[in-house]
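Colleague: Supplied structure: my_file-v3.txt, compact mmCIF, C-alpha atoms and all ligand atoms.
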# COMPACT_ATOMS: atom_id res chain seq x y z
CA MET A 1 119.21 134.95 133.88
CA LYS A 2 117.14 132.11 132.50
CA ASP A 3 118.41 128.49 132.41
CA TYR A 4 117.15 127.99 128.87
CA VAL A 5 117.59 130.28 125.89
CA ALA A 6 115.70 128.96 122.85
CA ASP A 7 113.20 131.70 122.17
CA TRP A 8 110.34 131.42 119.72
CA GLU A 9 109.25 135.07 120.04
CA THR A 10 112.74 136.28 119.08
CA LEU A 11 112.89 133.93 116.11
CA LYS A 12 109.52 135.19 114.85
CA ARG A 13 110.80 138.76 115.05
CA THR A 14 114.30 138.24 113.65
CA ASP A 15 113.55 135.66 110.97
CA PRO A 16 109.85 135.56 110.13
CA GLU A 17 110.43 133.50 106.97
CA VAL A 18 111.97 130.60 108.86
CA ALA A 19 109.54 131.00 111.76
CA GLU A 20 106.55 130.92 109.40
CA ALA A 21 107.82 127.75 107.70
CA MET A 22 108.26 126.15 111.11
CA ALA A 23 104.77 127.17 112.19
CA ALA A 24 103.36 125.88 108.90
CA GLU A 25 105.09 122.54 109.48
CA LEU A 26 103.44 122.30 112.90
CA ARG A 27 100.07 123.13 111.33
CA ARG A 28 100.70 120.43 108.71
CA GLU A 29 101.51 117.90 111.43
CA ARG A 30 98.33 118.87 113.26
CA SER A 31 96.11 118.48 110.22
CA THR A 32 97.62 115.33 108.69
CA LEU A 33 97.24 111.68 109.53
CA ARG A 34 100.85 110.50 109.82
CA LEU A 35 101.08 106.98 108.45
CA ILE A 36 104.71 107.13 107.34
CA ALA A 37 106.13 104.11 109.12
CA SER A 38 109.47 105.74 109.90
CA GLU A 39 108.06 108.96 111.40
CA ASN A 40 106.82 109.85 114.87
CA TYR A 41 106.26 112.74 117.28
CA ALA A 42 109.19 113.43 119.62
CA SER A 43 108.06 114.67 123.03
CA PRO A 44 108.33 118.36 124.02
CA ALA A 45 111.11 117.32 126.43
CA VAL A 46 113.11 115.76 123.58
CA LEU A 47 112.54 118.90 121.47
CA ALA A 48 113.67 121.07 124.40
CA ALA A 49 116.96 119.19 124.63
CA LEU A 50 117.48 119.67 120.88
CA GLY A 51 117.04 123.42 121.28
CA SER A 52 119.63 123.69 124.06
CA THR A 53 123.02 125.39 124.23
CA MET A 54 124.70 121.97 124.07
CA ASN A 55 124.46 122.73 120.35
CA ASN A 56 127.33 125.16 120.90
CA LYS A 57 129.89 122.70 122.25
CA TYR A 58 132.72 120.95 120.43
CA ALA A 59 133.48 117.61 122.05
CA GLU A 60 135.49 115.35 119.73
CA GLY A 61 136.37 112.19 121.58
CA TYR A 62 134.38 110.39 124.24
CA PRO A 63 133.36 111.30 127.83
CA GLY A 64 136.47 111.78 129.94
CA ARG A 65 138.80 111.83 126.90
CA ARG A 66 137.93 114.82 124.74
CA TYR A 67 140.01 117.02 122.47
CA TYR A 68 138.46 120.22 123.93
CA GLY A 69 138.09 121.70 127.39
CA GLY A 70 134.76 122.57 128.95
CA CYS A 71 133.17 119.18 128.28
CA GLU A 72 132.13 118.41 131.86
CA PHE A 73 128.41 118.86 131.23
CA VAL A 74 128.18 117.27 127.81
CA ASP A 75 130.06 114.38 129.42
CA VAL A 76 127.18 114.09 131.90
CA THR A 77 124.51 113.86 129.21
CA GLU A 78 126.55 111.60 126.93
CA ARG A 79 127.27 109.22 129.83
CA LEU A 80 123.55 109.23 130.70
CA ALA A 81 122.67 108.37 127.11
CA VAL A 82 125.24 105.54 127.03
CA GLU A 83 124.16 104.07 130.36
CA ARG A 84 120.47 104.32 129.51
CA ALA A 85 120.97 102.68 126.11
CA LYS A 86 122.88 99.82 127.71
CA ALA A 87 120.29 99.38 130.47
CA LEU A 88 117.24 99.64 128.20
CA PHE A 89 118.49 97.03 125.75
CA GLY A 90 120.74 94.93 127.98
CA ALA A 91 123.73 95.77 125.79
CA GLU A 92 127.41 95.49 126.74
CA HIS A 93 128.47 98.66 124.92
CA ALA A 94 126.73 101.68 123.40
CA ASN A 95 128.01 104.43 121.13
CA VAL A 96 125.49 107.28 121.05
CA GLN A 97 127.36 109.60 118.68
CA PRO A 98 126.25 108.56 115.15
CA HIS A 99 124.61 111.55 113.50
CA ALA A 100 122.19 109.34 111.55
CA GLY A 101 121.46 105.77 110.59
CA ALA A 102 123.65 105.96 107.49
CA GLN A 103 126.64 107.06 109.60
CA ALA A 104 126.00 104.29 112.15
CA ASN A 105 125.95 101.78 109.32
CA MET A 106 129.13 103.24 107.81
CA ALA A 107 130.80 102.75 111.18
CA VAL A 108 129.95 99.04 111.04
CA PHE A 109 131.64 98.82 107.65
CA GLY A 110 134.61 100.74 109.05
CA ALA A 111 134.87 98.43 112.06
CA PHE A 112 134.62 95.08 110.30
CA LEU A 113 135.36 95.36 106.56
CA GLU A 114 138.14 96.37 104.19
CA PRO A 115 136.82 98.60 101.39
CA ARG A 116 137.26 97.37 97.82
CA SER A 117 138.31 93.91 99.02
CA ASP A 118 136.61 90.52 98.81
CA ASP A 119 135.01 91.05 102.22
CA THR A 120 131.39 90.12 101.67
CA VAL A 121 128.14 91.19 103.33
CA LEU A 122 125.00 89.07 103.06
CA ALA A 123 121.94 91.33 103.21
CA LEU A 124 118.31 91.52 102.09
CA VAL A 125 118.00 93.13 98.66
CA LEU A 126 116.62 96.66 98.64
CA ALA A 127 113.67 95.67 96.45
CA HIS A 128 112.47 93.21 99.11
CA GLY A 129 112.66 95.60 102.05
CA GLY A 130 116.38 96.27 102.54
CA HIS A 131 117.90 99.75 102.77
CA LEU A 132 119.98 102.03 100.61
CA THR A 133 122.93 101.62 103.00
CA HIS A 134 122.66 97.82 102.81
CA GLY A 135 124.57 97.54 99.54
CA SER A 136 122.71 99.63 96.99
CA PRO A 137 125.03 100.34 94.04
CA VAL A 138 124.30 104.08 94.31
CA ASN A 139 125.35 104.13 97.98
CA VAL A 140 128.90 103.98 99.28
CA SER A 141 128.03 100.61 100.88
CA GLY A 142 127.49 99.06 97.47
CA MET A 143 130.32 101.01 95.83
CA TRP A 144 133.01 99.97 98.31
CA PHE A 145 131.88 96.59 99.61
CA ARG A 146 130.85 93.30 98.08
CA PHE A 147 127.22 92.52 98.81
CA VAL A 148 125.33 89.32 98.16
CA GLY A 149 121.56 89.69 98.40
CA TYR A 150 119.00 87.32 99.82
CA GLU A 151 115.32 87.63 98.92
CA VAL A 152 112.00 86.82 100.54
CA ASP A 153 110.18 83.69 99.42
CA ARG A 154 107.99 84.31 96.36
CA ASP A 155 104.94 82.56 97.85
CA THR A 156 105.03 83.59 101.51
CA GLU A 157 106.78 86.94 100.93
CA GLN A 158 108.66 86.16 104.14
CA LEU A 159 112.27 85.28 104.84
CA ASP A 160 113.29 81.72 104.11
CA MET A 161 116.08 81.00 106.57
CA ASP A 162 117.16 77.86 104.72
CA ARG A 163 117.93 79.99 101.67
CA VAL A 164 119.81 82.52 103.77
CA ALA A 165 121.86 79.63 105.21
CA ASP A 166 122.58 78.23 101.73
CA LEU A 167 123.80 81.62 100.50
CA ALA A 168 125.95 82.03 103.62
CA ARG A 169 127.57 78.61 103.03
CA THR A 170 128.24 79.46 99.39
CA HIS A 171 129.56 83.01 99.83
CA ARG A 172 131.14 82.83 103.34
CA PRO A 173 130.26 86.46 104.18
CA LYS A 174 132.28 88.34 106.75
CA VAL A 175 129.10 90.08 107.92
CA ILE A 176 125.47 88.94 107.81
CA LEU A 177 122.95 91.76 107.98
CA ALA A 178 119.36 91.44 109.20
CA GLY A 179 116.91 94.26 109.93
CA PHE A 180 114.99 96.02 107.20
CA THR A 181 112.91 99.05 106.25
CA ALA A 182 109.88 97.43 104.65
CA TYR A 183 109.58 93.98 106.20
CA PRO A 184 106.50 93.68 108.41
CA ARG A 185 107.11 90.32 110.07
CA VAL A 186 109.12 89.10 113.03
CA ILE A 187 112.75 88.33 112.17
CA ASP A 188 114.18 85.06 113.48
CA PHE A 189 117.31 86.50 115.10
CA ALA A 190 118.23 83.13 116.66
CA ALA A 191 118.32 81.54 113.19
CA PHE A 192 120.49 84.38 111.88
CA ARG A 193 122.84 83.81 114.85
CA ARG A 194 123.11 80.09 114.09
CA ILE A 195 123.95 80.83 110.44
CA ALA A 196 126.51 83.48 111.42
CA ASP A 197 128.16 81.05 113.84
CA GLU A 198 128.24 78.30 111.25
CA VAL A 199 130.12 80.43 108.71
CA GLY A 200 132.11 82.53 111.20
CA ALA A 201 130.39 85.82 110.31
CA ILE A 202 129.65 88.90 112.35
CA LEU A 203 125.87 89.25 112.85
CA TRP A 204 124.75 92.83 112.37
CA VAL A 205 121.13 93.89 112.88
CA ASP A 206 119.92 97.25 111.62
CA ALA A 207 117.01 97.66 114.01
CA SER A 208 116.15 101.23 113.02
CA HIS A 209 112.53 100.53 112.23
CA PHE A 210 111.48 98.37 115.15
CA ILE A 211 113.88 99.28 117.99
CA GLY A 212 111.18 101.22 119.86
CA LEU A 213 108.98 98.14 119.76
CA CYS A 214 111.86 96.11 121.25
CA ALA A 215 112.29 98.76 123.98
CA GLY A 216 108.60 98.46 124.81
CA GLY A 217 108.58 94.65 124.67
CA ALA A 218 106.32 94.44 121.61
CA TYR A 219 108.87 92.90 119.20
CA PRO A 220 111.78 90.50 119.81
CA SER A 221 115.08 92.15 120.66
CA PRO A 222 118.08 91.39 118.46
CA VAL A 223 120.54 92.40 121.18
CA PRO A 224 121.02 88.94 122.76
CA TYR A 225 121.88 87.51 119.32
CA ALA A 226 123.75 90.17 117.37
CA ASP A 227 127.39 91.22 117.52
CA VAL A 228 126.31 94.72 116.63
CA VAL A 229 122.96 96.52 116.43
CA THR A 230 122.53 99.88 114.74
CA PHE A 231 119.37 101.93 114.97
CA THR A 232 117.99 105.37 114.38
CA THR A 233 116.50 107.13 117.38
CA HIS A 234 113.63 109.00 115.72
CA LYS A 235 111.41 106.24 114.35
CA THR A 236 109.58 103.89 116.72
CA LEU A 237 111.95 105.00 119.51
CA ARG A 238 110.41 108.49 119.27
CA GLY A 239 113.56 110.47 120.00
CA PRO A 240 115.64 113.05 118.12
CA ARG A 241 116.92 112.39 114.61
CA GLY A 242 120.13 110.43 115.04
CA ALA A 243 121.41 106.94 115.72
CA ILE A 244 123.01 104.64 118.26
CA ILE A 245 125.22 101.57 117.94
CA LEU A 246 125.07 98.73 120.48
CA CYS A 247 127.67 95.98 120.41
CA ARG A 248 129.35 93.25 122.36
CA GLU A 249 132.26 94.41 124.49
CA GLU A 250 134.77 92.61 122.24
CA HIS A 251 133.80 95.00 119.38
CA ALA A 252 133.60 98.19 121.48
CA LYS A 253 137.01 99.62 120.54
CA ALA A 254 136.55 98.91 116.84
CA ILE A 255 133.09 100.52 116.80
CA ASP A 256 134.16 103.57 118.79
CA ARG A 257 137.16 104.12 116.53
CA ALA A 258 134.97 103.71 113.45
CA VAL A 259 132.50 106.37 114.63
CA PHE A 260 135.23 108.80 115.72
CA PRO A 261 137.66 109.58 114.21
CA MET A 262 137.02 107.35 111.17
CA MET A 263 133.54 108.52 110.08
CA GLN A 264 132.62 111.59 112.11
CA GLY A 265 134.05 114.67 113.72
CA GLY A 266 132.39 116.59 116.53
CA PRO A 267 129.43 114.81 118.10
CA LEU A 268 126.05 116.59 118.19
CA GLU A 269 125.86 116.95 121.96
CA HIS A 270 122.42 118.59 121.95
CA VAL A 271 121.12 115.59 120.00
CA ILE A 272 122.89 113.21 122.38
CA ALA A 273 121.17 114.97 125.31
CA ALA A 274 117.87 114.48 123.50
CA LYS A 275 118.73 110.81 122.96
CA ALA A 276 119.24 110.49 126.73
CA VAL A 277 115.80 112.05 127.32
CA ALA A 278 114.13 109.73 124.80
CA LEU A 279 115.83 106.65 126.26
CA LYS A 280 114.52 107.54 129.72
CA GLU A 281 111.04 107.98 128.28
CA ALA A 282 111.35 104.57 126.62
CA MET A 283 111.89 102.96 130.04
CA SER A 284 108.42 104.02 131.22
CA PRO A 285 105.29 101.85 131.42
CA GLU A 286 103.56 104.40 129.16
CA PHE A 287 106.12 103.64 126.45
CA SER A 288 105.41 99.90 126.66
CA GLU A 289 101.72 100.66 126.25
CA TYR A 290 102.55 102.79 123.20
CA ALA A 291 104.66 99.97 121.70
CA ALA A 292 101.88 97.41 122.17
CA ARG A 293 99.32 99.88 120.80
CA THR A 294 101.52 100.45 117.74
CA VAL A 295 101.46 96.75 116.82
CA ARG A 296 97.72 96.38 117.59
CA ALA A 297 97.01 99.41 115.43
CA ALA A 298 99.16 98.09 112.55
CA ARG A 299 97.29 94.77 112.59
CA ALA A 300 93.97 96.63 112.48
CA LEU A 301 95.23 98.82 109.65
CA ALA A 302 96.29 95.72 107.68
CA GLU A 303 92.90 94.11 108.23
CA GLY A 304 91.11 97.30 107.25
CA LEU A 305 93.13 97.74 104.06
CA ALA A 306 92.49 94.11 103.14
CA GLU A 307 88.75 94.73 103.62
CA GLU A 308 89.13 97.69 101.25
CA GLY A 309 90.51 95.37 98.56
CA LEU A 310 94.27 95.89 98.89
CA ARG A 311 96.48 92.79 99.05
CA ILE A 312 98.58 92.71 102.22
CA VAL A 313 102.14 91.62 101.47
CA SER A 314 103.08 88.53 103.53
CA GLY A 315 99.46 88.31 104.68
CA GLY A 316 99.77 90.60 107.71
CA THR A 317 102.14 92.27 110.13
CA ASP A 318 103.87 91.59 113.44
CA SER A 319 105.27 95.09 113.74
CA HIS A 320 104.49 98.75 113.21
CA LEU A 321 104.30 98.63 109.42
CA VAL A 322 102.16 97.23 106.67
CA LEU A 323 103.14 96.75 103.05
CA ALA A 324 100.14 96.69 100.75
CA ASP A 325 99.87 95.79 97.09
CA LEU A 326 97.59 98.19 95.20
CA GLY A 327 97.25 95.85 92.23
CA PRO A 328 93.66 94.79 92.95
CA LEU A 329 92.57 98.47 92.96
CA GLY A 330 94.25 99.18 89.62
CA ILE A 331 96.16 102.21 90.87
CA GLY A 332 99.94 102.71 91.04
CA GLY A 333 101.95 103.68 94.12
CA LYS A 334 102.83 107.13 92.80
CA GLN A 335 99.23 108.16 92.25
CA ALA A 336 98.13 106.52 95.51
CA GLU A 337 100.69 108.53 97.48
CA SER A 338 99.60 111.73 95.81
CA VAL A 339 95.84 111.09 96.28
CA CYS A 340 96.46 110.33 99.96
CA ASP A 341 98.50 113.52 100.24
CA GLU A 342 95.53 115.48 98.85
CA ILE A 343 93.18 114.11 101.50
CA GLY A 344 95.63 114.66 104.37
CA VAL A 345 97.06 111.16 104.79
CA ALA A 346 100.86 111.01 104.70
CA LEU A 347 102.18 107.63 103.53
CA ASN A 348 104.74 106.48 100.99
CA LYS A 349 104.71 104.55 97.77
CA ASN A 350 106.80 101.41 98.10
CA GLY A 351 107.96 98.50 96.01
CA ILE A 352 106.62 95.09 96.86
CA PRO A 353 108.67 91.89 96.55
CA PHE A 354 109.12 90.86 92.89
CA ASP A 355 107.50 94.14 91.87
CA PRO A 356 106.95 94.32 88.10
CA LYS A 357 106.74 98.14 88.33
CA PRO A 358 109.65 100.61 88.67
CA PRO A 359 110.74 102.14 92.01
CA MET A 360 109.41 105.63 91.11
CA ASP A 361 105.93 104.20 90.49
CA PRO A 362 105.86 100.90 92.34
CA SER A 363 102.92 98.59 93.00
CA GLY A 364 102.58 99.24 96.71
CA ILE A 365 102.30 101.56 99.63
CA ARG A 366 103.95 101.32 103.04
CA VAL A 367 101.99 102.51 106.05
CA GLY A 368 102.87 102.48 109.72
CA THR A 369 101.34 103.27 113.08
CA PRO A 370 104.04 104.70 115.41
CA GLY A 371 102.71 108.24 114.92
CA PRO A 372 99.02 107.40 115.43
CA ALA A 373 99.88 105.20 118.44
CA THR A 374 101.84 108.05 120.04
CA LEU A 375 98.70 110.17 119.73
CA GLY A 376 96.65 107.41 121.38
CA MET A 377 94.90 106.08 118.29
CA GLU A 378 93.72 102.51 118.56
CA GLU A 379 92.33 99.79 116.30
CA ALA A 380 89.04 101.63 115.66
CA GLU A 381 90.86 104.69 114.36
CA MET A 382 93.06 102.57 112.10
CA LYS A 383 89.96 100.84 110.69
CA GLU A 384 88.58 104.30 109.97
CA ALA A 385 91.88 105.31 108.33
CA ALA A 386 91.81 102.20 106.15
CA SER A 387 88.25 102.93 105.12
CA ILE A 388 89.18 106.51 104.15
CA ILE A 389 92.22 105.35 102.17
CA GLY A 390 90.18 102.66 100.43
CA GLU A 391 87.46 105.11 99.43
CA ALA A 392 89.96 107.64 98.08
CA LEU A 393 92.01 105.07 96.15
CA ARG A 394 88.96 103.56 94.51
CA HIS A 395 87.99 107.01 93.19
CA PRO A 396 91.32 108.79 92.62
CA SER A 397 89.90 111.34 90.20
CA ASP A 398 86.62 112.09 91.94
CA GLU A 399 86.92 115.50 93.63
CA THR A 400 83.69 115.02 95.63
CA VAL A 401 84.99 111.78 97.09
CA LYS A 402 88.33 113.40 97.89
CA ARG A 403 86.60 116.33 99.64
CA ARG A 404 84.59 113.84 101.72
CA CYS A 405 87.73 111.86 102.57
CA ARG A 406 89.56 115.06 103.53
CA ALA A 407 86.71 115.92 105.90
CA ARG A 408 86.82 112.44 107.42
CA VAL A 409 90.59 112.78 107.99
CA ALA A 410 90.06 116.21 109.57
CA GLU A 411 87.44 114.78 111.92
CA LEU A 412 89.73 111.88 112.86
CA VAL A 413 92.86 113.94 113.57
CA ALA A 414 90.87 116.58 115.48
CA ARG A 415 90.09 113.94 118.11
CA PHE A 416 93.83 113.29 118.72
CA PRO A 417 95.55 116.68 118.97
CA VAL A 418 99.22 116.93 118.06
CA TYR A 419 101.24 118.91 120.65
CA PRO A 420 98.09 120.34 122.27
CA GLY A 421 98.34 123.52 124.25
N1 LIG A 501 113.93 106.72 105.32
C1 LIG A 501 113.79 105.60 106.22
C2 LIG A 501 112.49 104.90 106.02
O1 LIG A 501 111.52 105.57 105.74
O2 LIG A 501 112.41 103.70 106.18
C3 LIG A 501 114.91 104.66 106.13
O3 LIG A 501 116.11 105.35 106.22
As a first step, turn the structure in this file into structure tokens.
Ligand code: DSN

Modeller:
Amino acid sequence: MKDYVADWETLKRTDPEVAEAMAAELRRERSTLRLIASENYASPAVLAALGSTMNNKYAEGYPGRRYYGGCEFVDVTERLAVERAKALFGAEHANVQPHAGAQANMAVFGAFLEPRSDDTVLALVLAHGGHLTHGSPVNVSGMWFRFVGYEVDRDTEQLDMDRVADLARTHRPKVILAGFTAYPRVIDFAAFRRIADEVGAILWVDASHFIGLCAGGAYPSPVPYADVVTFTTHKTLRGPRGAIILCREEHAKAIDRAVFPMMQGGPLEHVIAAKAVALKEAMSPEFSEYAARTVRAARALAEGLAEEGLRIVSGGTDSHLVLADLGPLGIGGKQAESVCDEIGVALNKNGIPFDPKPPMDPSGIRVGTPGPATLGMEEAEMKEAASIIGEALRHPSDETVKRRCRARVAELVARFPVYPG
């Protein structure tokens, strides 16, 4: 009998519709330049763990204290994931069970805040790079908890820590939240810590976007400063879809209780096994090279887009992502995203700080380099990508230009095969 059961040939035979969609997705990934800042390519080893029989196991509870029998092997992988997360980030405690970033963030609310009370969270507003789960009125965070928003500075488009401090003194938040989805610069975690200490707040960092860069030493780590750090495992960290919470030992019980039983039921043990695999990969020298390459590539992409006439929000990037204002090209974010889609470049429309346009057709695009860096692309390739994007966006209705751009994308991606073999 084989040790591993996931079987592509059987799937193709028993469910050709699903198998064909899966194969088409792989073909799409192979023929598209992936510039969505939050996406990446998990390794075949991570994907193998996801397709394992650990999917079949119920394991409510934590290793060594489960509500079901037969957990001895999922205990092994969950303990490995916990120990690797703690070692990789120098954290006192890790909970590897959150199904996704939103659930990890909900657990922070569950651990530290009373719903529908005066408990206040100070967080970056969504329109300046925050996240839906950081207090948006259409998300449970904003429905159940009181949020006060800070903004980036209008001139620099970067955080102004004096203003954050002023707001903290005025509103005395219980939790201060740093860590964003569309903020390209380094975050001053030490300054956030000082402000949190001054007003007696918990410092929470949502590191979902840049945690892989921290693992590889290419971006400052929030772990020494924050009470609690949440992050997704599939973005720059390049693992399975899911999330992890790191915290100081003093908060461990509250966080564990908030994940299970407060917010979740059975943990996804196949995903936790895949998290363990990804965390081990992130300890390798190759991963540090990837992290450094990601930032180098993003800087080159920002420079290239600026040369093409786009305005780079905040003037550059220190991370894996670039926010670019399309205003100078006279095209909106919605059309830009769709033109790029047509030529085989996957990116997303995005609001820019103080955006006069609506969220469904904002003034900007967000691009990122974790995917290209995983494939080995460097600055030269990102300059080429910027040149292609610039050409297409200057001529959004010209089919000849779009055909030429599509061919240039095809030539570029062909040199960096996705899951070769
Ligand atoms: N959807 C993620 C992103 O693209 O940033 C955040 O959850």

Colleague: Would you please work out which residue, of A:Arg116, A:His131, A:Arg65, A:Lys280, is nearest to ligand LIG 501 (chain A) when using only C-alpha atoms and all ligand atoms?

Modeller: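 Smallest distance to ligand LIG 501 (chain A) is found for A:His131.
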
Colleague: Could you list, as a list of chain:residue names, every residue within 8 Å of A:Trp204, counting only C-alpha atoms and ignoring same-chain residues fewer than 3 positions away?

Modeller: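 Contacts, with the query itself left out: A:Val175, A:Ile176, A:Leu177, A:Ala178, A:Ala226, A:Asp227, A:Val228, A:Val229, A:Thr230.
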
Colleague: Counting all atoms listed in the file, which of A:Ala81, A:Ala291, A:Leu268, A:Ile365 gets nearest to ligand LIG 501 (chain A)?

Modeller: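 Result for the nearest residue to ligand LIG 501 (chain A): A:Ile365.
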
Colleague: Do you know which residues are within 7 Å of ligand LIG 501 (chain A) using all atoms listed in the file? Can you write them as a VMD selection string?

Modeller: chain A and resid 37 to 38 101 131 181 to 182 209

Colleague: Please compute the atom CA of A:Thr294-atom CA of A:Glu39 distance, one decimal, in Å.

Modeller: 12.5 Å

Colleague: Extract, using all atoms listed in the file, all DNA, RNA and protein residues at most 10 Å from A:Gly217, discarding same-chain residues fewer than 5 positions from it, and format them as a PyMOL selection string.

Modeller: chain A and resi 211-212+287-289+291-292

Colleague: Could you list, as an NGL selection string, every residue within 8 Å of stretch 307-324 of chain A, counting only C-alpha atoms and ignoring same-chain residues fewer than 6 positions away?

Modeller: :A and (37 or 156-158 or 182-186 or 210 or 213 or 218-219 or 294-295 or 297-299 or 301 or 350 or 352 or 364-370 or 386-387 or 390-391)

Colleague: Once you count only C-alpha atoms, which residues end up no further than 12 Å from (117.4, 115.2, 117.8) in the file's frame, shown as a PDB file with C-alpha atoms, keeping the file's coordinate frame?

Modeller:
ATOM      1  CA  TYR A  41     106.260 112.740 117.280  1.00  0.00           C
ATOM      2  CA  ALA A  42     109.190 113.430 119.620  1.00  0.00           C
ATOM      3  CA  SER A  43     108.060 114.670 123.030  1.00  0.00           C
ATOM      4  CA  PRO A  44     108.330 118.360 124.020  1.00  0.00           C
ATOM      5  CA  ALA A  45     111.110 117.320 126.430  1.00  0.00           C
ATOM      6  CA  VAL A  46     113.110 115.760 123.580  1.00  0.00           C
ATOM      7  CA  LEU A  47     112.540 118.900 121.470  1.00  0.00           C
ATOM      8  CA  ALA A  48     113.670 121.070 124.400  1.00  0.00           C
ATOM      9  CA  ALA A  49     116.960 119.190 124.630  1.00  0.00           C
ATOM     10  CA  LEU A  50     117.480 119.670 120.880  1.00  0.00           C
ATOM     11  CA  GLY A  51     117.040 123.420 121.280  1.00  0.00           C
ATOM     12  CA  SER A  52     119.630 123.690 124.060  1.00  0.00           C
ATOM     13  CA  MET A  54     124.700 121.970 124.070  1.00  0.00           C
ATOM     14  CA  ASN A  55     124.460 122.730 120.350  1.00  0.00           C
ATOM     15  CA  VAL A  96     125.490 107.280 121.050  1.00  0.00           C
ATOM     16  CA  GLN A  97     127.360 109.600 118.680  1.00  0.00           C
ATOM     17  CA  PRO A  98     126.250 108.560 115.150  1.00  0.00           C
ATOM     18  CA  HIS A  99     124.610 111.550 113.500  1.00  0.00           C
ATOM     19  CA  ALA A 100     122.190 109.340 111.550  1.00  0.00           C
ATOM     20  CA  THR A 232     117.990 105.370 114.380  1.00  0.00           C
ATOM     21  CA  THR A 233     116.500 107.130 117.380  1.00  0.00           C
ATOM     22  CA  HIS A 234     113.630 109.000 115.720  1.00  0.00           C
ATOM     23  CA  LYS A 235     111.410 106.240 114.350  1.00  0.00           C
ATOM     24  CA  LEU A 237     111.950 105.000 119.510  1.00  0.00           C
ATOM     25  CA  ARG A 238     110.410 108.490 119.270  1.00  0.00           C
ATOM     26  CA  GLY A 239     113.560 110.470 120.000  1.00  0.00           C
ATOM     27  CA  PRO A 240     115.640 113.050 118.120  1.00  0.00           C
ATOM     28  CA  ARG A 241     116.920 112.390 114.610  1.00  0.00           C
ATOM     29  CA  GLY A 242     120.130 110.430 115.040  1.00  0.00           C
ATOM     30  CA  ALA A 243     121.410 106.940 115.720  1.00  0.00           C
ATOM     31  CA  ILE A 244     123.010 104.640 118.260  1.00  0.00           C
ATOM     32  CA  LEU A 268     126.050 116.590 118.190  1.00  0.00           C
ATOM     33  CA  GLU A 269     125.860 116.950 121.960  1.00  0.00           C
ATOM     34  CA  HIS A 270     122.420 118.590 121.950  1.00  0.00           C
ATOM     35  CA  VAL A 271     121.120 115.590 120.000  1.00  0.00           C
ATOM     36  CA  ILE A 272     122.890 113.210 122.380  1.00  0.00           C
ATOM     37  CA  ALA A 273     121.170 114.970 125.310  1.00  0.00           C
ATOM     38  CA  ALA A 274     117.870 114.480 123.500  1.00  0.00           C
ATOM     39  CA  LYS A 275     118.730 110.810 122.960  1.00  0.00           C
ATOM     40  CA  ALA A 276     119.240 110.490 126.730  1.00  0.00           C
ATOM     41  CA  VAL A 277     115.800 112.050 127.320  1.00  0.00           C
ATOM     42  CA  ALA A 278     114.130 109.730 124.800  1.00  0.00           C
TER      43      ALA A 278
END

Colleague: Out of A:Val401, A:Ala123, A:Leu203, A:Ile187, which residue has the shortest atom-to-atom distance to A:Val164 when counting only C-alpha atoms?

Modeller: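 Comparing A:Val401, A:Ala123, A:Leu203, A:Ile187 against A:Val164, the winner is A:Ala123.
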
Colleague: Out of A:Pro420, A:Pro372, A:Pro358, A:Pro396, which residue has the shortest atom-to-atom distance to A:Thr236 when counting only C-alpha atoms?

Modeller: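 For A:Thr236, the nearest of the given residues is A:Pro372.
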
Colleague: For stretch 387-402 of chain A, I'd like the enclosing box, axis-aligned and padded by 4 Å on every side, reported as AutoDock Vina command-line options with centre and edge lengths in Å to one decimal.

Modeller:
--center_x 88.0 --center_y 109.1 --center_z 97.7 --size_x 16.5 --size_y 20.8 --size_z 22.9

Colleague: Between atom CA of A:Asp153 and atom CA of A:Pro224, what is the spacing in Å?

Modeller: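 Separation of atom CA of A:Pro224 and atom CA of A:Asp153: 26.3 Å.
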
Colleague: List the neighbours of stretch 27-32 of chain A out to 10 Å using all atoms listed in the file; skip same-chain residues closer than 6 positions along the sequence, and give me the result as a PyMOL selection string.

Modeller: chain A and resi 21+41+341+343-346+406+409-414+416-420

Colleague: Sorted by chain and rising residue number, which residues of stretch 53-90 of chain A lie within 9 Å of stretch 252-264 of chain A, and what are their closest atom pairs and distances in Å to one decimal, counting only C-alpha atoms, as a Markdown table?

Modeller:
| residue | atom | partner | partner_atom | distance |
| --- | --- | --- | --- | --- |
| A:Glu60 | CA | A:Phe260 | CA | 7.7 |
| A:Gly61 | CA | A:Phe260 | CA | 6.9 |
| A:Tyr62 | CA | A:Phe260 | CA | 8.7 |

Colleague: Could you save the residues just selected, with C-alpha atoms, as a compact mmCIF listing (two decimals), keeping the file's coordinate frame?

Modeller:
# COMPACT_ATOMS: atom_id res chain seq x y z
CA GLU A 60 135.49 115.35 119.73
CA GLY A 61 136.37 112.19 121.58
CA TYR A 62 134.38 110.39 124.24

Colleague: With only C-alpha atoms as the atoms that count, which of A:Val339, A:Leu11, A:Leu279, A:Val121 lies nearest to A:Ser141?

Modeller: A:Val121

Colleague: Which of these, A:Leu35, A:Arg404, A:Lys57, A:Glu399, has the shortest distance to A:Gly266 once you count only C-alpha atoms?

Modeller: A:Lys57
